[in-house]
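For reference, the structure is listed below as structure tokens.
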Number of protein chains: 2
Amino acid sequence: MPTYKAPVDEVLFLLNDVFHIERYNNLPGFAEASPDVIEAVLTEAAKFCEDVLAPLNRVGDKVGCRRNDDGSVTTPPGFKDAYVKLAAGGWVGASAPAEYGGQGLPTALTQAVREFLYSSNMAFAMYSSLALGAVAAIYSHGSAEQKARYLPKLISGEWAGTMNLTEPQCGTDLGQLRCRAVPQSDGSYTITGTKIFISAGEHDLTDNIIHLVLARIDGAPPGVKGISLFIVPKFLLTDDGKPGVRNAVSCGSIEEKMGIHGNATCVMNYDGAAGFLVGEPHRGLYAMFTMMNMARLSVGAQGLSLSEVAYQNAVAYAKERLAGRAPTGAKCPDKPADPIIVHPDVRRLLMTMRAFNEAARALILWTALGSDVARRSLDAKEREAADDHMGLLTPVIKGVLTDLGFANTVNAQQIFGGHGYIAEHGMEQFVRDARITMIFEGANGIQALDLVGRKLPKDGGRALQTFFAEVSGYIKAHEGDAAMAPYVMPLGRALGELREATAWLMQNAPGDADNVGACSSDYMQLFGLVALGYMWCLIVDAAKAKAAHGGAARMEQKFVLGRFFMDKMLPATAVHLARVKAGAASTMALPAEAF
Amino acid sequence: MPTYKAPVDEVLFLLNDVFHIERYNNLPGFAEASPDVIEAVLTEAAKFCEDVLAPLNRVGDKVGCRRNDDGSVTTPPGFKDAYVKLAAGGWVGASAPAEYGGQGLPTALTQAVREFLYSSNMAFAMYSSLALGAVAAIYSHGSAEQKARYLPKLISGEWAGTMNLTEPQCGTDLGQLRCRAVPQSDGSYTITGTKIFISAGEHDLTDNIIHLVLARIDGAPPGVKGISLFIVPKFLLTDDGKPGVRNAVSCGSIEEKMGIHGNATCVMNYDGAAGFLVGEPHRGLYAMFTMMNMARLSVGAQGLSLSEVAYQNAVAYAKERLAGRAPTGAKCPDKPADPIIVHPDVRRLLMTMRAFNEAARALILWTALGSDVARRSLDAKEREAADDHMGLLTPVIKGVLTDLGFANTVNAQQIFGGHGYIAEHGMEQFVRDARITMIFEGANGIQALDLVGRKLPKDGGRALQTFFAEVSGYIKAHEGDAAMAPYVMPLGRALGELREATAWLMQNAPGDADNVGACSSDYMQLFGLVALGYMWCLIVDAAKAKAAHGGAARMEQKFVLGRFFMDKMLPATAVHLARVKAGAASTMALPAEAF
């Protein structure tokens, strides 16, 4: 049975010492989030995740969700009680606007809480993630009346939400979407069509489920410019806003899938269901995009979350399992063998996971802080810069953190040997659960295309130039510092490679339209390593300052972890650069028939 | 439902054109394996795997094995019939010695057949692999009487076999083994203890199961030098060699595990079971080692097998699924979208898989040919060289081909997007099945240690020097050939990096005992890439020669695939070298308590 301890101290170190969250006190909601409040929130969240959610993770996997003959869905034992507690604790809407009943806490804080939620029970936590997606869509694009009717209950956790994009014939390419919306005389629409892969599509956790559905209004233009967004409640609301008549939407089946069994992935049938347009007609995709950054940041966090919990369990096993002797001589001569943590190849895996986890957490919190600035700052220039940062880093976080997070669940499982392959220890569940993060909210290949094809050229490359300026400015400012040289020098080299890859793409994309797609994944991985390397410099820097004021031992670990990252992980930038510069030629030379 | 087509033509090209199997006709059994026979065997095997085994792969996963209350185990529907057919076709003992009823076919040929078996149904094929393991152990170390009693039935497939090494407290570190053997007056032993993770430990496919069990004879020295090997039949044989009285060995439970559900992974309880010593007392581990090369080669082949079948299904999906348009302009303007094979990022994944598959197959067949020479040649010098080759390449094949094979099942799954995550398409099964190959028969970290700690220094580095001499000799002989330069030059660079990594290890292993373990996995990966790169040179070379005699189109694909390998895959050698040269310092600097 796996265990989990939320890394509260790590988050506090990052928020307080690395990112100096107090410097953002001019933003609405930040002054209220005093150091005491932040610590209390994290400590409470940790307790809830460790005590309530983590123990339900395996039963969620084993029992899964069941669709009953009447189309209702029963979630795993314990999920409903836990959801009631989650809602009662105010965790669903912790960073939602206070005017609709949220607590308005910084996203940088609630994103840290979401890491804990996903680590302890990703399938469970996804139900509330989907509710937050619905909140974001309605808050940004809904009418005042829609906000008033739906937001308070979604934010309180009394109701849940879903996002309905995918159909059998299309996922990534939403231009092929067929789901139909027919206008009614009362201003509503009837929605007809089938949606698939709908996470949390049907369940027994809440009194109502507010589906957000992409559909095409009769007569709309073809392609993505004819898609509109609709609210389709499971139960239509009565005049006083209570769940009333059942709407014509139902769960046709639950997918049998590789992991996240505790989350019901549904085929949803809309049979002339009543739907209410959100925002303008034909602008549904635009409405979806505005909430995608947050959703993708959250999925990136899932990559970290599963890497973290898998790491923790691998450490416990590596300290407990006895096999062989340390190459430098027996460490536990009184025992039949040493614990396997003495073995350098085991240590290599543990260090790989931890050096990723700490930098990935920093990258997520840094970007979550950016999202706070982008949404809350009163300064337009600040908002623009933060928005640039979000736009640029989001695909990197989603793509790279889920790829590496998944790889780390595999690494953690490997430490268990055969014991990692059997269900009992829970390690193989982490692998199966983590696998979806590379696929949903836009498969990682799509993230790479978003980064290279859309985010790099946007606004004349403004976001990228700002990022380069920040990192190279940091390097310049610290290259004279001998203690920082082992970190700053490799980062400088890696940044140079990223610049070189960027220049190569700018020069070669026009000549061969395939070059972008053939190189985008490697470019994204290269970018991610540079971003994580920069995080390690910031962490080490902050650790040096903090070590001078006590707690030196824990801070000195950061020096070693940062060094390991520079020694063993950052050098992969060179391969990604080589692959970028090899272009599309050999990738595309075979005709399709040759496959 | 996934499909499978055995790559008969690819195997024929490798055996005939790349490795010129006819040149080995001086070896016993090879002359009989004429080109016609080889093609017939492969074609028949392909048919059996495609028509009989592949259709049972998903039901094997879904239904799995069931332990009944009486301790018997029921295999998935269809498995027993298929096993009877497998045995009747002579596939179990195809390369086993003719004197015991085998066909004595070259291992190079039967290993190709095993690729097909694993691709079509790995869980099923493992039952026969285990039987072959028992054959190898008894053939090499059993008495004449034991050979006569057990080999014919194992080779015919009437009986199956198992290997019992792992116990709850030890797997890798067999020195901790506790299973007890008490000598009896009749020369037999009673075996008592618990073995875990026993593949094919109990089932209903055959009339008898011959367990090979490691145990410690009372009074034996501690550690690995006190372990002996025993035959423990499920049913003790009557005097005329038929299954008689039930022995005191039983299946205590079946593990619930991540994949290969069609293979029963058992906890085996030995309660004073009658066992018969194989070979000398206390030399059991040595006996095990002699058959490990073949078993590990087979597991490496499993990595290829799952990569191949996953690739085939990914290709089919990529040709069929419509999404978006080719960057160079619509390829199917009459359809709502182009098939996703037009997208460079999809093509990148397909090319990565295929460039691996073809070179991995070559590496396996080359090494299988080596095993034939090692076992069959009449020339002691030839046998020694072939044995060196086997010893050196086996951990590389096991470790690298399963790591990359698993990664490719993930790549193939990724092409399916959300459809890859649900069970229906079978892609997630390939991922789950492939995951075990990195763990069993010695986890890949152990393979790396075997390579660096044992195989490199063995006999003064003779095997490695021979390998270096062969590859560098090839490079020298071809570096003047302009057509081969795009292949030979990158290989030369990569070989240089492997030499550099080797030199670094030789210089730095003595100074820090942790350096070997901290660098062994990267060294193994680097070695694997060089070996695969060498295979690509041989393949391209042979394809050039063959293209001159017709079939040019298919041969020209090899030029592109080889180029892709050199462009996009081989450059990873640089990272592995950088990691090796970073040594153990940052990997080992933290005290264990810091984790």
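Ligands are numbered from 1 in the order shown, chains are lettered A, B, ... in the order of the structure tokens, and residues start at 1 in each chain.
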Could you pull the residues within 6 Å of A:Gly104, counting only C-alpha atoms, minus those fewer than 3 positions along the same chain, as a CSV table (one decimal) with all heavy atoms, in the first residue's frame?
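Generated output (out_18.csv):
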```csv
chain,number,residue,atom,x,y,z
A,29,GLY,N,-6.0,39.9,-3.1
A,29,GLY,CA,-6.0,38.6,-2.5
A,29,GLY,C,-4.7,38.1,-2.0
A,29,GLY,O,-4.7,37.2,-1.2
A,95,SER,N,-9.4,29.3,-4.9
A,95,SER,CA,-8.9,30.5,-5.6
A,95,SER,C,-9.9,31.2,-6.5
A,95,SER,O,-9.6,32.1,-7.2
A,95,SER,CB,-7.6,30.2,-6.4
A,95,SER,OG,-8.0,29.3,-7.4
A,96,ALA,N,-11.2,30.7,-6.4
A,96,ALA,CA,-12.3,31.3,-7.2
A,96,ALA,C,-12.6,32.7,-6.6
A,96,ALA,O,-12.4,33.0,-5.5
A,96,ALA,CB,-13.5,30.4,-7.2
A,97,PRO,N,-13.2,33.5,-7.5
A,97,PRO,CA,-13.6,34.9,-7.0
A,97,PRO,C,-14.5,34.9,-5.8
A,97,PRO,O,-15.5,34.1,-5.7
A,97,PRO,CB,-14.3,35.5,-8.2
A,97,PRO,CG,-14.0,34.6,-9.4
A,97,PRO,CD,-13.7,33.2,-8.8
A,98,ALA,N,-14.2,35.8,-4.9
A,98,ALA,CA,-14.9,35.8,-3.6
A,98,ALA,C,-16.4,36.2,-3.9
A,98,ALA,O,-17.3,35.8,-3.2
A,98,ALA,CB,-14.3,36.8,-2.7
```
task = Output as a PyMOL selection string the set of chain B residues within 6 Å of chain A, with distances taken over only C-alpha atoms.
result = chain B and resi 173+256-258+323-324+327-328+344-345+348+417+421-423+439+513-514+517-518+560+564+567-568+571-572+575+579+582+586-587
Dump as a short mmCIF file (atom, residue, chain, number, x, y, z; two decimals), in the first residue's frame, selection limited to C-alpha atoms:
```
data_model
loop_
_atom_site.label_atom_id
_atom_site.label_comp_id
_atom_site.auth_asym_id
_atom_site.auth_seq_id
_atom_site.Cartn_x
_atom_site.Cartn_y
_atom_site.Cartn_z
CA ASP B 173 20.65 -10.99 -4.40
CA GLU B 256 -2.41 -9.54 -9.66
CA LYS B 257 -0.11 -7.63 -11.95
CA MET B 258 0.24 -4.84 -14.51
CA ALA B 323 -7.13 15.06 -38.46
CA GLY B 324 -5.75 18.34 -39.75
CA PRO B 327 1.93 21.27 -43.42
CA THR B 328 2.92 21.11 -47.08
CA PRO B 344 5.83 15.22 -39.17
CA ASP B 345 5.48 14.65 -35.42
CA ARG B 348 8.82 11.09 -36.18
CA GLY B 417 -4.33 9.87 -28.65
CA TYR B 421 -5.57 4.92 -23.46
CA ILE B 422 -8.71 2.82 -23.66
CA ALA B 423 -8.54 -0.94 -23.73
CA ILE B 439 12.35 -6.09 -14.95
CA ALA B 513 34.07 2.29 -6.28
CA ASP B 514 30.76 4.04 -6.97
CA GLY B 517 27.40 1.67 -10.72
CA ALA B 518 26.69 5.35 -11.28
CA VAL B 560 16.15 6.48 -45.39
CA PHE B 564 16.98 8.69 -39.76
CA ASP B 567 20.22 11.85 -37.75
CA LYS B 568 17.86 11.45 -34.86
CA PRO B 571 23.20 11.47 -31.43
CA ALA B 572 21.97 10.41 -27.97
CA VAL B 575 24.49 12.59 -23.58
CA ARG B 579 26.75 11.40 -17.99
CA ALA B 582 30.22 13.21 -14.77
CA SER B 586 26.68 14.26 -7.44
CA THR B 587 24.82 10.95 -7.64
#
```
request  = Fewer than 5 positions away in the same chain doesn't count, so skip those; otherwise give me all residues within 10 Å of A:Met484, counting only C-alpha atoms, as a list in words.
outcome  = Ile475, His478, Glu479, Met489, Cys537, Val540, Asp541, Lys544 and Phe559 of chain A
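Within the 8 Å cut-off around B:Leu304, using only C-alpha atoms and omitting residues fewer than 6 positions from it on the same chain, the listed residues are Glu115, Asn357, Ala360, Arg361, Leu401, Thr402 and Gly405 of chain B.
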Based on the selection just made, write all heavy atoms of those residues as a PDB file, in the first residue's frame.
```pdb
ATOM      1  N   GLU B 115      10.403 -14.148 -32.021  1.00  0.00           N
ATOM      2  CA  GLU B 115       9.928 -12.759 -32.175  1.00  0.00           C
ATOM      3  C   GLU B 115       8.456 -12.753 -32.587  1.00  0.00           C
ATOM      4  O   GLU B 115       7.654 -12.010 -32.023  1.00  0.00           O
ATOM      5  CB  GLU B 115      10.756 -11.995 -33.224  1.00  0.00           C
ATOM      6  CG  GLU B 115      10.287 -10.543 -33.365  1.00  0.00           C
ATOM      7  CD  GLU B 115      10.649  -9.871 -34.692  1.00  0.00           C
ATOM      8  OE1 GLU B 115      11.747 -10.113 -35.207  1.00  0.00           O
ATOM      9  OE2 GLU B 115       9.813  -9.100 -35.187  1.00  0.00           O
ATOM     10  N   ASN B 357      13.207  -1.043 -34.716  1.00  0.00           N
ATOM     11  CA  ASN B 357      12.800  -2.438 -34.939  1.00  0.00           C
ATOM     12  C   ASN B 357      13.749  -3.161 -35.893  1.00  0.00           C
ATOM     13  O   ASN B 357      14.178  -4.291 -35.622  1.00  0.00           O
ATOM     14  CB  ASN B 357      11.383  -2.505 -35.516  1.00  0.00           C
ATOM     15  CG  ASN B 357      10.330  -2.047 -34.522  1.00  0.00           C
ATOM     16  OD1 ASN B 357      10.616  -1.907 -33.326  1.00  0.00           O
ATOM     17  ND2 ASN B 357       9.127  -1.801 -34.998  1.00  0.00           N
ATOM     18  N   ALA B 360      17.179  -3.599 -34.303  1.00  0.00           N
ATOM     19  CA  ALA B 360      17.116  -4.506 -33.152  1.00  0.00           C
ATOM     20  C   ALA B 360      16.996  -5.950 -33.612  1.00  0.00           C
ATOM     21  O   ALA B 360      17.628  -6.860 -33.063  1.00  0.00           O
ATOM     22  CB  ALA B 360      15.929  -4.131 -32.259  1.00  0.00           C
ATOM     23  N   ARG B 361      16.198  -6.141 -34.659  1.00  0.00           N
ATOM     24  CA  ARG B 361      16.043  -7.502 -35.204  1.00  0.00           C
ATOM     25  C   ARG B 361      17.393  -8.006 -35.725  1.00  0.00           C
ATOM     26  O   ARG B 361      17.772  -9.159 -35.492  1.00  0.00           O
ATOM     27  CB  ARG B 361      14.997  -7.473 -36.325  1.00  0.00           C
ATOM     28  CG  ARG B 361      14.685  -8.831 -36.914  1.00  0.00           C
ATOM     29  CD  ARG B 361      13.531  -8.738 -37.916  1.00  0.00           C
ATOM     30  NE  ARG B 361      12.304  -8.338 -37.270  1.00  0.00           N
ATOM     31  CZ  ARG B 361      11.642  -7.201 -37.518  1.00  0.00           C
ATOM     32  NH1 ARG B 361      12.068  -6.360 -38.436  1.00  0.00           N
ATOM     33  NH2 ARG B 361      10.541  -6.929 -36.859  1.00  0.00           N
ATOM     34  N   LEU B 401      17.308  -3.142 -25.565  1.00  0.00           N
ATOM     35  CA  LEU B 401      16.154  -3.437 -26.420  1.00  0.00           C
ATOM     36  C   LEU B 401      14.841  -3.439 -25.643  1.00  0.00           C
ATOM     37  O   LEU B 401      13.787  -3.120 -26.211  1.00  0.00           O
ATOM     38  CB  LEU B 401      16.360  -4.768 -27.152  1.00  0.00           C
ATOM     39  CG  LEU B 401      17.008  -4.652 -28.538  1.00  0.00           C
ATOM     40  CD1 LEU B 401      18.239  -3.772 -28.551  1.00  0.00           C
ATOM     41  CD2 LEU B 401      17.307  -6.007 -29.128  1.00  0.00           C
ATOM     42  N   THR B 402      14.888  -3.776 -24.370  1.00  0.00           N
ATOM     43  CA  THR B 402      13.636  -3.709 -23.606  1.00  0.00           C
ATOM     44  C   THR B 402      13.321  -2.275 -23.191  1.00  0.00           C
ATOM     45  O   THR B 402      12.156  -1.883 -23.188  1.00  0.00           O
ATOM     46  CB  THR B 402      13.664  -4.634 -22.371  1.00  0.00           C
ATOM     47  OG1 THR B 402      14.739  -4.231 -21.513  1.00  0.00           O
ATOM     48  CG2 THR B 402      13.859  -6.072 -22.768  1.00  0.00           C
ATOM     49  N   GLY B 405      12.224  -0.793 -26.471  1.00  0.00           N
ATOM     50  CA  GLY B 405      10.990  -1.464 -26.890  1.00  0.00           C
ATOM     51  C   GLY B 405       9.795  -0.956 -26.097  1.00  0.00           C
ATOM     52  O   GLY B 405       8.746  -0.637 -26.666  1.00  0.00           O
TER      53      GLY B 405
END
```
ask   = Rounded to one decimal in Å, what is the spacing between atom CA of B:Ile227 and atom CA of B:Asp271?
value =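 It comes out at 18.3 Å.
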task = Between atom CA of A:Phe235 and atom CA of A:Ala123, measure the distance and give it in Å to one decimal.
result =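 Rounded to one decimal, the two atoms are 24.0 Å apart.
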query = So which residues touch A:Tyr189 within 10 Å, counting only C-alpha atoms, skipping near sequence neighbours fewer than 4 positions away, as a count of residues only?
reply = 16
request  = Would you mind writing down, as a PyMOL selection string, each residue of stretch 369-530 of chain A that DSSP on the backbone assigns to alpha helix (DSSP H)?
outcome  = chain A and resi 369-376+380-415+418-421+427-435+444-449+458-478+485-508+514-530
Tell me which protein, DNA and RNA residues are within 10 Å of B:Val471, counting only C-alpha atoms, leaving out same-chain ones fewer than 2 positions away, and put them as a CSV table (one decimal) with all heavy atoms, in the first residue's frame.
```csv
chain,number,residue,atom,x,y,z
B,465,GLN,N,37.5,-5.8,-26.9
B,465,GLN,CA,38.5,-5.4,-27.9
B,465,GLN,C,38.1,-6.0,-29.3
B,465,GLN,O,38.3,-5.4,-30.3
B,465,GLN,CB,39.9,-5.8,-27.5
B,465,GLN,CG,40.4,-5.1,-26.3
B,465,GLN,CD,40.2,-3.5,-26.4
B,465,GLN,OE1,40.4,-3.0,-27.5
B,465,GLN,NE2,39.9,-2.9,-25.3
B,466,THR,N,37.6,-7.2,-29.2
B,466,THR,CA,37.2,-7.9,-30.5
B,466,THR,C,36.0,-7.1,-31.1
B,466,THR,O,36.0,-6.9,-32.4
B,466,THR,CB,36.7,-9.3,-30.2
B,466,THR,OG1,37.8,-10.0,-29.6
B,466,THR,CG2,36.4,-10.0,-31.5
B,467,PHE,N,35.1,-6.7,-30.3
B,467,PHE,CA,33.9,-5.9,-30.8
B,467,PHE,C,34.4,-4.6,-31.4
B,467,PHE,O,34.0,-4.2,-32.5
B,467,PHE,CB,32.9,-5.7,-29.7
B,467,PHE,CG,31.8,-4.8,-30.1
B,467,PHE,CD1,30.7,-5.3,-30.7
B,467,PHE,CD2,31.7,-3.4,-29.8
B,467,PHE,CE1,29.6,-4.5,-31.1
B,467,PHE,CE2,30.7,-2.6,-30.1
B,467,PHE,CZ,29.6,-3.2,-30.8
B,468,PHE,N,35.3,-3.9,-30.7
B,468,PHE,CA,35.8,-2.6,-31.2
B,468,PHE,C,36.5,-2.8,-32.5
B,468,PHE,O,36.4,-2.0,-33.4
B,468,PHE,CB,36.8,-2.0,-30.2
B,468,PHE,CG,36.1,-1.3,-29.0
B,468,PHE,CD1,36.9,-0.9,-27.9
B,468,PHE,CD2,34.7,-1.1,-29.0
B,468,PHE,CE1,36.2,-0.2,-26.8
B,468,PHE,CE2,34.1,-0.4,-27.9
B,468,PHE,CZ,34.9,0.0,-26.8
B,469,ALA,N,37.3,-3.9,-32.5
B,469,ALA,CA,38.1,-4.2,-33.7
B,469,ALA,C,37.2,-4.4,-34.9
B,469,ALA,O,37.4,-3.9,-36.0
B,469,ALA,CB,39.0,-5.3,-33.5
B,473,GLY,N,37.1,-1.8,-37.8
B,473,GLY,CA,37.5,-2.4,-39.1
B,473,GLY,C,36.5,-2.1,-40.2
B,473,GLY,O,36.9,-1.8,-41.3
B,474,TYR,N,35.3,-2.3,-39.8
B,474,TYR,CA,34.2,-2.0,-40.8
B,474,TYR,C,34.2,-0.6,-41.2
B,474,TYR,O,34.1,-0.3,-42.4
B,474,TYR,CB,32.8,-2.4,-40.2
B,474,TYR,CG,31.7,-2.1,-41.1
B,474,TYR,CD1,31.3,-3.0,-42.0
B,474,TYR,CD2,31.1,-0.8,-41.2
B,474,TYR,CE1,30.3,-2.7,-43.0
B,474,TYR,CE2,30.1,-0.5,-42.1
B,474,TYR,CZ,29.7,-1.5,-43.0
B,474,TYR,OH,28.7,-1.2,-43.9
B,475,ILE,N,34.4,0.3,-40.3
B,475,ILE,CA,34.4,1.7,-40.6
B,475,ILE,C,35.6,2.1,-41.5
B,475,ILE,O,35.4,2.8,-42.5
B,475,ILE,CB,34.5,2.6,-39.3
B,475,ILE,CG1,33.1,2.4,-38.5
B,475,ILE,CG2,34.7,4.1,-39.6
B,475,ILE,CD1,33.2,2.9,-37.1
B,476,LYS,N,36.7,1.6,-41.2
B,476,LYS,CA,37.9,1.8,-42.0
B,476,LYS,C,37.7,1.3,-43.4
B,476,LYS,O,38.0,2.0,-44.4
B,476,LYS,CB,39.1,1.1,-41.4
B,476,LYS,CG,39.9,1.9,-40.5
B,476,LYS,CD,41.4,1.6,-40.5
B,476,LYS,CE,42.1,2.5,-39.5
B,476,LYS,NZ,41.7,2.0,-38.1
B,477,ALA,N,37.1,0.1,-43.5
B,477,ALA,CA,36.9,-0.5,-44.8
B,477,ALA,C,35.9,0.3,-45.7
B,477,ALA,O,35.9,0.2,-46.9
B,477,ALA,CB,36.5,-1.9,-44.7
B,488,VAL,N,28.5,5.7,-42.1
B,488,VAL,CA,29.8,5.3,-41.4
B,488,VAL,C,30.4,6.4,-40.6
B,488,VAL,O,30.9,6.1,-39.5
B,488,VAL,CB,30.8,4.8,-42.5
B,488,VAL,CG1,32.1,4.6,-41.9
B,488,VAL,CG2,30.3,3.5,-43.2
B,491,LEU,N,28.6,6.7,-37.2
B,491,LEU,CA,29.0,5.5,-36.4
B,491,LEU,C,30.4,5.6,-35.9
B,491,LEU,O,30.7,5.3,-34.7
B,491,LEU,CB,28.9,4.2,-37.3
B,491,LEU,CG,29.3,2.9,-36.6
B,491,LEU,CD1,28.4,2.6,-35.4
B,491,LEU,CD2,29.3,1.7,-37.5
B,492,GLY,N,31.3,6.2,-36.7
B,492,GLY,CA,32.7,6.4,-36.3
B,492,GLY,C,32.7,7.3,-35.1
B,492,GLY,O,33.4,7.1,-34.1
B,495,LEU,N,31.3,5.4,-32.1
B,495,LEU,CA,32.3,4.5,-31.6
B,495,LEU,C,33.4,5.2,-30.8
B,495,LEU,O,33.8,4.7,-29.7
B,495,LEU,CB,32.9,3.7,-32.7
B,495,LEU,CG,33.9,2.6,-32.3
B,495,LEU,CD1,33.2,1.5,-31.5
B,495,LEU,CD2,34.6,2.0,-33.5
B,530,VAL,N,25.6,2.2,-30.3
B,530,VAL,CA,26.6,1.9,-31.2
B,530,VAL,C,26.4,0.6,-31.9
B,530,VAL,O,26.5,0.5,-33.2
B,530,VAL,CB,28.0,1.8,-30.5
B,530,VAL,CG1,29.1,1.3,-31.4
B,530,VAL,CG2,28.4,3.2,-30.0
B,531,ALA,N,25.9,-0.4,-31.2
B,531,ALA,CA,25.6,-1.7,-31.8
B,531,ALA,C,24.5,-1.6,-32.8
B,531,ALA,O,24.6,-2.2,-33.9
B,531,ALA,CB,25.2,-2.7,-30.7
B,533,GLY,N,23.7,1.1,-34.4
B,533,GLY,CA,24.2,1.9,-35.5
B,533,GLY,C,25.0,1.1,-36.5
B,533,GLY,O,25.0,1.2,-37.7
B,534,TYR,N,25.8,0.1,-35.9
B,534,TYR,CA,26.6,-0.8,-36.7
B,534,TYR,C,25.6,-1.7,-37.5
B,534,TYR,O,25.9,-1.9,-38.7
B,534,TYR,CB,27.5,-1.6,-35.8
B,534,TYR,CG,28.3,-2.7,-36.5
B,534,TYR,CD1,29.0,-2.4,-37.7
B,534,TYR,CD2,28.4,-4.0,-35.9
B,534,TYR,CE1,29.8,-3.3,-38.3
B,534,TYR,CE2,29.2,-4.9,-36.6
B,534,TYR,CZ,29.9,-4.6,-37.7
B,534,TYR,OH,30.7,-5.6,-38.3
B,535,MET,N,24.6,-2.1,-36.9
B,535,MET,CA,23.6,-2.9,-37.6
B,535,MET,C,23.0,-2.1,-38.8
B,535,MET,O,22.9,-2.7,-39.9
B,535,MET,CB,22.4,-3.3,-36.7
B,535,MET,CG,22.8,-4.3,-35.6
B,535,MET,SD,23.5,-5.9,-36.3
B,535,MET,CE,25.2,-5.7,-35.9
B,537,CYS,N,24.5,0.1,-40.5
B,537,CYS,CA,25.5,0.2,-41.6
B,537,CYS,C,25.5,-1.2,-42.4
B,537,CYS,O,25.5,-1.2,-43.6
B,537,CYS,CB,26.9,0.4,-41.0
B,537,CYS,SG,27.1,2.1,-40.5
```
